[in-house]
$ cat protein-v2.cif   # mmCIF, C-alpha atoms
data_start
loop_
_atom_site.label_atom_id
_atom_site.label_comp_id
_atom_site.auth_asym_id
_atom_site.auth_seq_id
_atom_site.Cartn_x
_atom_site.Cartn_y
_atom_site.Cartn_z
CA MET A 10 -41.75 -6.68 45.95
CA LEU A 11 -42.05 -2.99 46.83
CA SER A 12 -43.46 -2.03 43.43
CA LEU A 13 -46.00 -4.88 43.63
CA PHE A 14 -47.12 -3.67 47.06
CA GLN A 15 -47.45 -0.10 45.78
CA ASN A 16 -49.46 -1.28 42.74
CA VAL A 17 -51.89 -3.15 45.00
CA GLN A 18 -52.33 0.00 47.08
CA TRP A 19 -53.00 2.03 43.91
CA LEU A 20 -55.58 -0.48 42.63
CA LEU A 21 -57.41 -0.55 45.95
CA ALA A 22 -57.48 3.23 46.09
CA ALA A 23 -58.70 3.43 42.49
CA GLY A 24 -61.46 0.88 43.13
CA ASP A 25 -62.57 2.78 46.19
CA SER A 26 -62.70 6.03 44.22
CA ALA A 27 -64.95 4.35 41.67
CA HIS A 28 -67.50 3.64 44.42
CA GLY A 29 -67.20 7.10 45.89
CA GLY A 30 -64.05 8.95 46.88
CA ASP A 31 -65.16 9.63 50.43
CA HIS A 32 -63.82 6.35 51.77
CA GLY A 33 -60.27 6.53 50.44
CA GLY A 34 -58.82 7.04 53.89
CA ASP A 35 -60.74 4.01 55.21
CA ALA A 36 -59.31 1.82 52.44
CA HIS A 37 -55.75 2.88 53.26
CA ALA A 38 -56.37 2.33 56.97
CA ALA A 39 -57.81 -1.15 56.33
CA LEU A 40 -54.84 -2.03 54.12
CA ALA A 41 -52.43 -0.86 56.81
CA ILE A 42 -54.16 -2.94 59.49
CA GLU A 43 -54.35 -6.05 57.31
CA GLY A 44 -50.72 -5.60 56.30
CA LEU A 45 -49.59 -5.28 59.92
CA TRP A 46 -51.37 -8.48 60.94
CA PHE A 47 -49.86 -10.28 57.95
CA TYR A 48 -46.34 -9.29 58.98
CA ILE A 49 -46.98 -10.13 62.64
CA GLY A 50 -48.12 -13.58 61.54
CA LEU A 51 -45.05 -13.90 59.32
CA VAL A 52 -42.74 -13.04 62.22
CA VAL A 53 -44.50 -15.55 64.48
CA LEU A 54 -44.19 -18.31 61.85
CA ILE A 55 -40.50 -17.61 61.28
CA SER A 56 -39.83 -17.49 65.02
CA PHE A 57 -41.57 -20.79 65.77
CA GLY A 58 -40.02 -22.40 62.71
CA LEU A 59 -36.51 -21.48 63.81
CA MET A 60 -37.20 -22.61 67.39
CA VAL A 61 -38.53 -25.99 66.23
CA MET A 62 -35.45 -26.50 64.06
CA ALA A 63 -33.11 -25.51 66.90
CA LYS A 64 -34.90 -27.71 69.45
CA LYS A 65 -34.30 -30.93 67.51
CA GLU A 66 -30.84 -31.35 69.04
CA PHE A 67 -31.67 -30.14 72.54
CA GLY A 68 -30.72 -32.75 75.09
CA GLN A 69 -27.80 -34.04 73.06
CA ARG A 70 -24.24 -33.64 74.20
CA PHE A 71 -23.12 -31.76 71.09
CA PHE A 72 -24.97 -29.55 68.64
CA ARG A 73 -24.13 -30.49 65.06
CA THR A 74 -26.50 -28.29 63.06
CA ARG A 75 -25.83 -24.61 62.49
CA ILE A 76 -29.22 -23.48 63.74
CA SER A 77 -28.76 -25.21 67.11
CA GLN A 78 -25.25 -23.81 67.47
CA TYR A 79 -26.47 -20.29 66.69
CA ALA A 80 -29.32 -20.71 69.19
CA GLU A 81 -26.83 -21.78 71.86
CA GLN A 82 -24.57 -18.80 71.18
CA LEU A 83 -27.54 -16.43 71.26
CA TYR A 84 -28.67 -17.83 74.61
CA ILE A 85 -25.17 -17.47 76.08
CA PHE A 86 -24.93 -13.90 74.77
CA ILE A 87 -28.30 -12.86 76.23
CA GLU A 88 -27.54 -14.64 79.52
CA ASN A 89 -24.23 -12.78 79.89
CA LEU A 90 -26.03 -9.51 79.13
CA VAL A 91 -28.72 -10.20 81.73
CA VAL A 92 -26.37 -11.40 84.48
CA GLY A 93 -23.94 -8.55 83.84
CA ILE A 94 -26.64 -5.89 84.26
CA ILE A 95 -29.22 -7.38 86.62
CA GLY A 96 -27.16 -9.93 88.51
CA ALA A 97 -27.47 -13.66 89.07
CA HIS A 98 -31.17 -13.35 89.96
CA GLY A 99 -31.75 -11.90 86.49
CA ARG A 100 -31.78 -15.38 84.95
CA LYS A 101 -35.45 -15.70 85.86
CA TYR A 102 -36.18 -12.90 83.36
CA MET A 103 -34.49 -14.76 80.48
CA PRO A 104 -37.77 -15.97 78.86
CA MET A 105 -39.13 -12.42 78.75
CA ILE A 106 -35.91 -10.90 77.39
CA MET A 107 -35.36 -13.69 74.85
CA THR A 108 -38.91 -13.17 73.58
CA PHE A 109 -38.28 -9.45 73.08
CA TRP A 110 -34.99 -10.17 71.31
CA ILE A 111 -36.42 -12.77 68.92
CA VAL A 112 -39.51 -10.73 68.02
CA ILE A 113 -37.58 -7.48 67.48
CA PHE A 114 -34.64 -9.00 65.61
CA ILE A 115 -36.76 -11.12 63.24
CA SER A 116 -39.15 -8.20 62.66
CA ASN A 117 -36.19 -5.97 61.82
CA CYS A 118 -34.83 -8.58 59.41
CA VAL A 119 -38.24 -8.86 57.73
CA ALA A 120 -37.97 -5.14 56.98
CA LEU A 121 -34.84 -5.87 54.89
CA PHE A 122 -36.78 -7.89 52.32
CA PHE A 123 -40.38 -6.67 52.56
CA PRO A 124 -42.02 -3.25 52.22
CA THR A 125 -42.63 -3.02 55.96
CA SER A 126 -42.50 -5.02 59.19
CA PRO A 127 -44.09 -4.96 62.66
CA THR A 128 -41.24 -2.87 64.09
CA ALA A 129 -41.75 -0.32 61.30
CA ASP A 130 -45.18 0.37 62.81
CA LEU A 131 -45.29 2.76 65.76
CA SER A 132 -48.35 1.15 67.35
CA PHE A 133 -46.66 -2.27 67.50
CA ASN A 134 -43.53 -0.79 69.08
CA LEU A 135 -45.62 1.18 71.57
CA GLY A 136 -47.40 -2.03 72.53
CA MET A 137 -44.07 -3.74 73.25
CA ALA A 138 -42.89 -0.71 75.23
CA LEU A 139 -46.06 -0.73 77.35
CA ILE A 140 -45.54 -4.42 78.08
CA ALA A 141 -41.88 -3.86 79.02
CA VAL A 142 -42.47 -0.83 81.25
CA GLY A 143 -45.59 -2.37 82.80
CA TYR A 144 -43.66 -5.53 83.62
CA VAL A 145 -40.92 -3.45 85.24
CA GLN A 146 -43.50 -1.75 87.49
CA TYR A 147 -44.97 -5.15 88.41
CA GLU A 148 -41.54 -6.53 89.34
CA GLY A 149 -40.79 -3.38 91.33
CA MET A 150 -44.01 -3.74 93.33
CA ARG A 151 -43.39 -7.44 93.88
CA ALA A 152 -39.82 -6.83 95.10
CA ASN A 153 -40.43 -3.73 97.26
CA GLY A 154 -44.17 -3.71 97.90
CA VAL A 155 -46.65 -1.31 96.32
CA LEU A 156 -45.94 1.56 98.73
CA GLY A 157 -42.19 0.90 98.72
CA HIS A 158 -42.04 0.88 94.92
CA PHE A 159 -43.91 4.15 94.48
CA SER A 160 -42.31 5.88 97.47
CA HIS A 161 -38.86 5.73 95.86
CA PHE A 162 -40.20 7.98 93.10
CA ALA A 163 -40.38 10.78 95.69
CA GLY A 164 -36.65 10.63 96.41
CA PRO A 165 -35.05 10.64 99.86
CA LYS A 166 -37.09 11.77 102.85
CA MET A 167 -36.34 15.43 103.61
CA GLY A 168 -38.64 16.15 106.52
CA LEU A 169 -42.06 17.75 106.74
CA ALA A 170 -40.80 21.18 105.67
CA LEU A 171 -39.60 19.83 102.33
CA ILE A 172 -42.62 17.71 101.42
CA PRO A 173 -43.40 19.98 98.39
CA ILE A 174 -39.96 19.17 96.98
CA ASN A 175 -40.64 15.46 97.38
CA GLY A 176 -43.95 16.01 95.61
CA MET A 177 -42.21 17.70 92.68
CA ILE A 178 -39.66 14.90 92.47
CA PHE A 179 -42.50 12.35 92.48
CA ILE A 180 -44.27 14.08 89.59
CA ILE A 181 -41.03 14.36 87.58
CA GLU A 182 -40.21 10.67 88.16
CA ILE A 183 -43.71 9.57 87.13
CA ILE A 184 -43.39 11.58 83.91
CA SER A 185 -39.96 10.04 83.37
CA GLU A 186 -41.40 6.52 83.77
CA THR A 187 -44.15 7.36 81.29
CA MET A 188 -41.66 8.72 78.77
CA LYS A 189 -39.82 5.40 78.78
CA ASN A 190 -42.67 4.10 76.61
CA VAL A 191 -42.09 6.88 74.11
CA SER A 192 -38.33 6.41 74.15
CA LEU A 193 -38.43 2.64 73.57
CA SER A 194 -41.05 2.81 70.82
CA LEU A 195 -39.86 5.88 68.90
CA ARG A 196 -36.20 4.77 68.83
CA LEU A 197 -37.08 1.43 67.28
CA TYR A 198 -39.68 2.85 64.90
CA GLY A 199 -37.45 5.69 63.72
CA ASN A 200 -34.49 3.46 62.91
CA ILE A 201 -36.42 0.72 61.10
CA ASP A 202 -38.93 2.88 59.23
CA GLY A 203 -36.29 5.54 58.56
CA GLY A 204 -33.91 2.96 57.08
CA HIS A 205 -36.66 1.73 54.77
CA ARG A 206 -37.51 5.26 53.63
CA ALA A 207 -33.84 6.00 52.99
CA ALA A 208 -33.51 2.88 50.84
CA VAL A 209 -36.64 3.82 48.85
CA ALA A 210 -35.33 7.36 48.28
CA MET A 211 -31.97 6.04 47.07
CA ASN A 212 -33.69 3.58 44.72
CA GLU A 213 -35.62 6.46 43.18
CA LEU A 214 -32.32 8.19 42.43
CA GLY A 215 -31.13 5.16 40.47
CA GLU A 216 -34.37 4.50 38.58
CA GLY A 217 -33.08 6.07 35.38
CA ALA A 218 -30.06 3.77 35.23
CA ASN A 219 -31.96 0.78 36.69
CA ILE A 220 -29.48 0.57 39.57
CA PRO A 221 -30.82 -0.46 43.01
CA VAL A 222 -28.81 2.13 44.90
CA GLY A 223 -30.69 1.38 48.08
CA ALA A 224 -29.15 -2.10 48.16
CA PHE A 225 -25.87 -0.52 49.25
CA LEU A 226 -27.58 0.29 52.58
CA LEU A 227 -28.18 -3.40 53.29
CA PRO A 228 -25.05 -3.90 55.49
CA VAL A 229 -25.93 -0.79 57.52
CA LYS A 230 -29.55 -1.89 57.89
CA LEU A 231 -28.47 -5.37 58.97
CA LEU A 232 -26.28 -3.82 61.65
CA THR A 233 -29.25 -1.71 62.71
CA CYS A 234 -31.36 -4.86 63.10
CA VAL A 235 -28.90 -6.24 65.65
CA VAL A 236 -28.22 -2.96 67.45
CA GLN A 237 -31.88 -2.01 67.91
CA ALA A 238 -32.77 -5.43 69.34
CA LEU A 239 -29.76 -5.14 71.66
CA ILE A 240 -30.66 -1.62 72.83
CA PHE A 241 -34.27 -2.54 73.61
CA CYS A 242 -33.23 -5.61 75.64
CA LEU A 243 -30.36 -3.74 77.31
CA LEU A 244 -32.62 -0.92 78.48
CA PHE A 245 -35.19 -3.43 79.69
CA CYS A 246 -32.46 -5.11 81.76
CA VAL A 247 -31.41 -1.74 83.20
CA TYR A 248 -35.00 -0.89 84.17
CA ILE A 249 -35.40 -4.30 85.85
CA SER A 250 -32.10 -3.84 87.68
CA LEU A 251 -33.15 -0.48 89.09
CA VAL A 252 -36.31 -1.85 90.73
CA THR A 253 -34.93 -5.23 91.92
CA HIS A 254 -31.49 -4.24 93.22
CA HIS A 255 -32.69 -4.75 96.81
CA ASP A 256 -33.21 -8.45 96.15
CA HIS A 257 -29.75 -8.58 94.63
CA GLU A 258 -28.19 -6.97 97.69
CA GLU A 259 -29.96 -9.40 100.04
CA GLY A 260 -28.45 -12.28 98.10
CA HIS A 261 -24.96 -11.05 98.97
CA GLY A 262 -25.36 -12.38 102.51
CA HIS A 263 -24.81 -15.89 101.16
CA ASP A 264 -21.67 -15.08 99.21
CA HIS A 265 -19.42 -16.07 102.08
CA ALA A 266 -20.80 -19.58 102.38
CA ASP A 267 -18.59 -22.34 101.05
CA ASP A 268 -19.36 -24.43 97.99
CA HIS A 269 -21.08 -27.13 100.06
CA GLY A 270 -23.63 -24.71 101.45
CA HIS A 271 -22.12 -24.57 104.95
CA ASP A 272 -21.63 -21.37 106.86
CA PRO A 273 -18.03 -20.20 107.07
CA VAL A 274 -16.09 -21.03 110.21
CA PRO A 275 -16.06 -17.93 112.45
CA ALA A 276 -12.69 -16.35 112.97
CA THR A 277 -11.07 -16.88 116.32
CA ALA A 278 -9.30 -14.23 118.29
#
$ encode --input "protein-v2.cif" --output "structure tokens"
Amino acid sequence: MLSLFQNVQWLLAAGDSAHGGDHGGDAHAALAIEGLWFYIGLVVLISFGLMVMAKKEFGQRFFRTRISQYAEQLYIFIENLVVGIIGAHGRKYMPMIMTFWIVIFISNCVALFFPTSPTADLSFNLGMALIAVGYVQYEGMRANGVLGHFSHFAGPKMGLALIPINGMIFIIEIISETMKNVSLSLRLYGNIDGGHRAAVAMNELGEGANIPVGAFLLPVKLLTCVVQALIFCLLFCVYISLVTHHDHEEGHGHDHADDHGHDPVPATA
């Protein structure tokens, strides 16, 4: 599969050179864009196909097919992750987090069998990071108000004499929020694209003996597929928790009510 992809690239480059070598870079750029959209479409088809197969037994008392059982276990795993980090109110973010998990994990798995994948492209990962960080800012403003959300970037109030310090803290925090996009995207891109490049380099070492040495990296790359999807979703949960913890604390006032929703009986002297 990899050699076929490389041969197609070579033929396109050669054909472009025959019509004038000035547009070689444009041909490679077009191929990269078309290839990215192909793999995005492939990931979407696989995702919807798996969801349709898993949904067939939804509503039944027991799941008998493997795909439905795996879907149930995945949901329970993600739910425990979300509730453990964000709290009980984090369940409302399950659709968003499950979407990130499915897209990232399936894209990572596509990279095991194809020359590239969406998560091996930095622009795709940056797009997901912008969505994640932008959604966190939206939830922060909705939970604390626009002024309340941005005022916490300035740190605790220190008085008029220390306003410059608050200004410096605000600038540092804004830069930190911006760098979350870089952190989320580069980590995912580096691990997926780097694993592919390592496998290609190892295969080149075994070309003389016709041994696919890079195949020995498959267990490690499969583990990377799971870990990178987990890290992205885990960090997203942490970011959500940091901006919505006030809502979580307000919900504690109802913890002392009994199971029937009645207020506890006040203690008597």
$ resolve_selection --input "protein-v2.cif" --expression "the PyMOL selection byres ((chain A and resi 150-162) around 10)" --output "compact mmCIF listing (two decimals) with C-alpha atoms, in the coordinates of the input"
# COMPACT_ATOMS: atom_id res chain seq x y z
CA TYR A 144 -43.66 -5.53 83.62
CA VAL A 145 -40.92 -3.45 85.24
CA GLN A 146 -43.50 -1.75 87.49
CA TYR A 147 -44.97 -5.15 88.41
CA GLU A 148 -41.54 -6.53 89.34
CA GLY A 149 -40.79 -3.38 91.33
CA ALA A 163 -40.38 10.78 95.69
CA GLY A 164 -36.65 10.63 96.41
CA PRO A 165 -35.05 10.64 99.86
CA LYS A 166 -37.09 11.77 102.85
CA ASN A 175 -40.64 15.46 97.38
CA GLY A 176 -43.95 16.01 95.61
CA MET A 177 -42.21 17.70 92.68
CA ILE A 178 -39.66 14.90 92.47
CA PHE A 179 -42.50 12.35 92.48
CA ILE A 180 -44.27 14.08 89.59
CA ILE A 181 -41.03 14.36 87.58
CA GLU A 182 -40.21 10.67 88.16
CA ILE A 183 -43.71 9.57 87.13
CA SER A 185 -39.96 10.04 83.37
CA GLU A 186 -41.40 6.52 83.77
CA VAL A 252 -36.31 -1.85 90.73
CA THR A 253 -34.93 -5.23 91.92
CA HIS A 254 -31.49 -4.24 93.22
CA HIS A 255 -32.69 -4.75 96.81
CA ASP A 256 -33.21 -8.45 96.15
$ atom_distance --input "protein-v2.cif" --atom1 "atom CA of Asn200 of chain A" --atom2 "atom CA of Ala138 of chain A"
15.5 Å
$ resolve_selection --input "protein-v2.cif" --expression "the PyMOL selection byres ((chain A and resi 204) around 12)" --output "ChimeraX atom specification"
/A:117-118,120-121,124-126,128-129,197-203,205-211,223-234
$ residues_around --input "protein-v2.cif" --residues "segment 85-101 of chain A" --least-positions-apart "4" --cutoff "8 Å" --atoms "all atoms listed in the file" --output "number ranges by chain"
A: 81, 106-107, 243, 246-247, 249-250, 254, 257
$ resolve_selection --input "protein-v2.cif" --expression "the PyMOL selection byres ((chain A and resi 59) around 12)" --output "list in words"
Val52, Val53, Leu54, Ile55, Ser56, Phe57, Gly58, Met60, Val61, Met62, Ala63, Lys64, Lys65, Arg75, Ile76, Ser77, Tyr79, Ala80, Ile111, Val112 and Ile115 of chain A
$ atom_distance --input "protein-v2.cif" --atom1 "atom CA of Met137 of chain A" --atom2 "atom CA of Trp46 of chain A"
15.1 Å
$ atom_distance --input "protein-v2.cif" --atom1 "atom CA of Ser192 of chain A" --atom2 "atom CA of Gly143 of chain A"
14.3 Å
$ decode --input "protein-v2.cif" --residues "segment 21-137 of chain A" --atoms "C-alpha atoms" --output "tab-separated table (two decimals), in the first residue's frame"
chain	number	residue	atom	x	y	z
A	21	LEU	CA	2.06	12.77	-10.75
A	22	ALA	CA	5.32	14.62	-10.17
A	23	ALA	CA	6.78	13.26	-13.40
A	24	GLY	CA	3.68	14.25	-15.39
A	25	ASP	CA	3.80	17.73	-13.94
A	26	SER	CA	7.47	18.07	-14.87
A	27	ALA	CA	6.61	17.15	-18.44
A	28	HIS	CA	4.28	20.15	-18.64
A	29	GLY	CA	6.75	22.46	-16.96
A	30	GLY	CA	8.61	21.92	-13.71
A	31	ASP	CA	7.45	25.14	-12.11
A	32	HIS	CA	4.27	23.62	-10.70
A	33	GLY	CA	5.76	20.61	-8.92
A	34	GLY	CA	5.02	22.07	-5.51
A	35	ASP	CA	1.39	22.72	-6.50
A	36	ALA	CA	0.96	19.09	-7.56
A	37	HIS	CA	2.29	17.82	-4.24
A	38	ALA	CA	0.08	20.27	-2.34
A	39	ALA	CA	-3.00	19.20	-4.32
A	40	LEU	CA	-2.20	15.53	-3.69
A	41	ALA	CA	-1.82	16.20	0.02
A	42	ILE	CA	-5.16	18.01	0.20
A	43	GLU	CA	-7.00	15.36	-1.81
A	44	GLY	CA	-5.40	12.64	0.28
A	45	LEU	CA	-6.43	14.31	3.54
A	46	TRP	CA	-10.06	14.61	2.43
A	47	PHE	CA	-10.03	10.97	1.33
A	48	TYR	CA	-8.87	9.82	4.76
A	49	ILE	CA	-11.30	12.11	6.57
A	50	GLY	CA	-14.11	10.58	4.51
A	51	LEU	CA	-12.79	7.10	5.29
A	52	VAL	CA	-12.78	7.82	9.02
A	53	VAL	CA	-16.34	9.20	8.83
A	54	LEU	CA	-17.56	6.11	6.95
A	55	ILE	CA	-15.93	3.72	9.41
A	56	SER	CA	-17.29	5.67	12.39
A	57	PHE	CA	-20.87	5.74	11.11
A	58	GLY	CA	-20.64	2.11	10.02
A	59	LEU	CA	-19.57	0.99	13.48
A	60	MET	CA	-22.24	3.13	15.16
A	61	VAL	CA	-24.98	1.71	12.93
A	62	MET	CA	-23.85	-1.83	13.72
A	63	ALA	CA	-23.71	-1.10	17.46
A	64	LYS	CA	-27.11	0.62	17.48
A	65	LYS	CA	-28.98	-2.44	16.20
A	66	GLU	CA	-29.28	-3.89	19.71
A	67	PHE	CA	-29.89	-0.63	21.56
A	68	GLY	CA	-33.08	-0.84	23.57
A	69	GLN	CA	-32.73	-4.56	24.22
A	70	ARG	CA	-32.11	-5.93	27.67
A	71	PHE	CA	-28.89	-7.72	26.73
A	72	PHE	CA	-26.29	-7.05	24.06
A	73	ARG	CA	-25.40	-10.24	22.20
A	74	THR	CA	-23.10	-8.97	19.45
A	75	ARG	CA	-19.48	-8.06	20.10
A	76	ILE	CA	-19.75	-4.61	18.57
A	77	SER	CA	-22.62	-3.61	20.86
A	78	GLN	CA	-20.81	-4.98	23.90
A	79	TYR	CA	-17.64	-3.07	22.99
A	80	ALA	CA	-19.68	0.11	22.45
A	81	GLU	CA	-21.24	-0.31	25.90
A	82	GLN	CA	-17.86	-0.81	27.55
A	83	LEU	CA	-16.44	2.21	25.74
A	84	TYR	CA	-19.34	4.37	26.89
A	85	ILE	CA	-18.92	3.22	30.50
A	86	PHE	CA	-15.17	3.89	30.33
A	87	ILE	CA	-15.60	7.41	28.94
A	88	GLU	CA	-18.41	8.16	31.40
A	89	ASN	CA	-16.24	7.13	34.37
A	90	LEU	CA	-13.43	9.31	33.00
A	91	VAL	CA	-15.72	12.32	32.61
A	92	VAL	CA	-17.46	11.98	35.98
A	93	GLY	CA	-14.17	11.34	37.78
A	94	ILE	CA	-12.58	14.53	36.42
A	95	ILE	CA	-15.45	16.96	35.85
A	96	GLY	CA	-18.06	15.65	38.25
A	97	ALA	CA	-21.65	14.50	37.86
A	98	HIS	CA	-22.53	17.54	35.74
A	99	GLY	CA	-19.89	16.43	33.24
A	100	ARG	CA	-22.29	13.90	31.71
A	101	LYS	CA	-23.74	16.65	29.54
A	102	TYR	CA	-20.37	16.84	27.77
A	103	MET	CA	-20.41	13.13	26.87
A	104	PRO	CA	-21.46	13.65	23.20
A	105	MET	CA	-18.58	16.07	22.62
A	106	ILE	CA	-15.99	13.88	24.33
A	107	MET	CA	-17.22	10.67	22.68
A	108	THR	CA	-16.97	12.39	19.29
A	109	PHE	CA	-13.36	13.38	19.96
A	110	TRP	CA	-12.54	9.85	21.14
A	111	ILE	CA	-14.10	8.09	18.14
A	112	VAL	CA	-12.57	10.43	15.55
A	113	ILE	CA	-9.08	10.35	17.09
A	114	PHE	CA	-8.98	6.63	17.83
A	115	ILE	CA	-10.28	5.53	14.40
A	116	SER	CA	-7.97	8.02	12.66
A	117	ASN	CA	-5.03	6.64	14.62
A	118	CYS	CA	-5.99	3.08	13.68
A	119	VAL	CA	-6.24	4.08	10.01
A	120	ALA	CA	-2.59	5.14	10.25
A	121	LEU	CA	-1.67	1.52	11.10
A	122	PHE	CA	-2.75	0.23	7.68
A	123	PHE	CA	-2.55	3.23	5.35
A	124	PRO	CA	0.25	5.63	4.40
A	125	THR	CA	-1.27	8.45	6.43
A	126	SER	CA	-4.39	9.45	8.36
A	127	PRO	CA	-6.17	12.65	9.46
A	128	THR	CA	-4.35	12.68	12.81
A	129	ALA	CA	-1.02	12.44	10.97
A	130	ASP	CA	-1.78	15.87	9.50
A	131	LEU	CA	-0.97	18.87	11.70
A	132	SER	CA	-3.72	21.07	10.24
A	133	PHE	CA	-6.43	18.52	11.11
A	134	ASN	CA	-5.15	18.20	14.67
A	135	LEU	CA	-4.93	21.97	15.03
A	136	GLY	CA	-8.54	22.23	13.89
A	137	MET	CA	-9.65	19.77	16.58
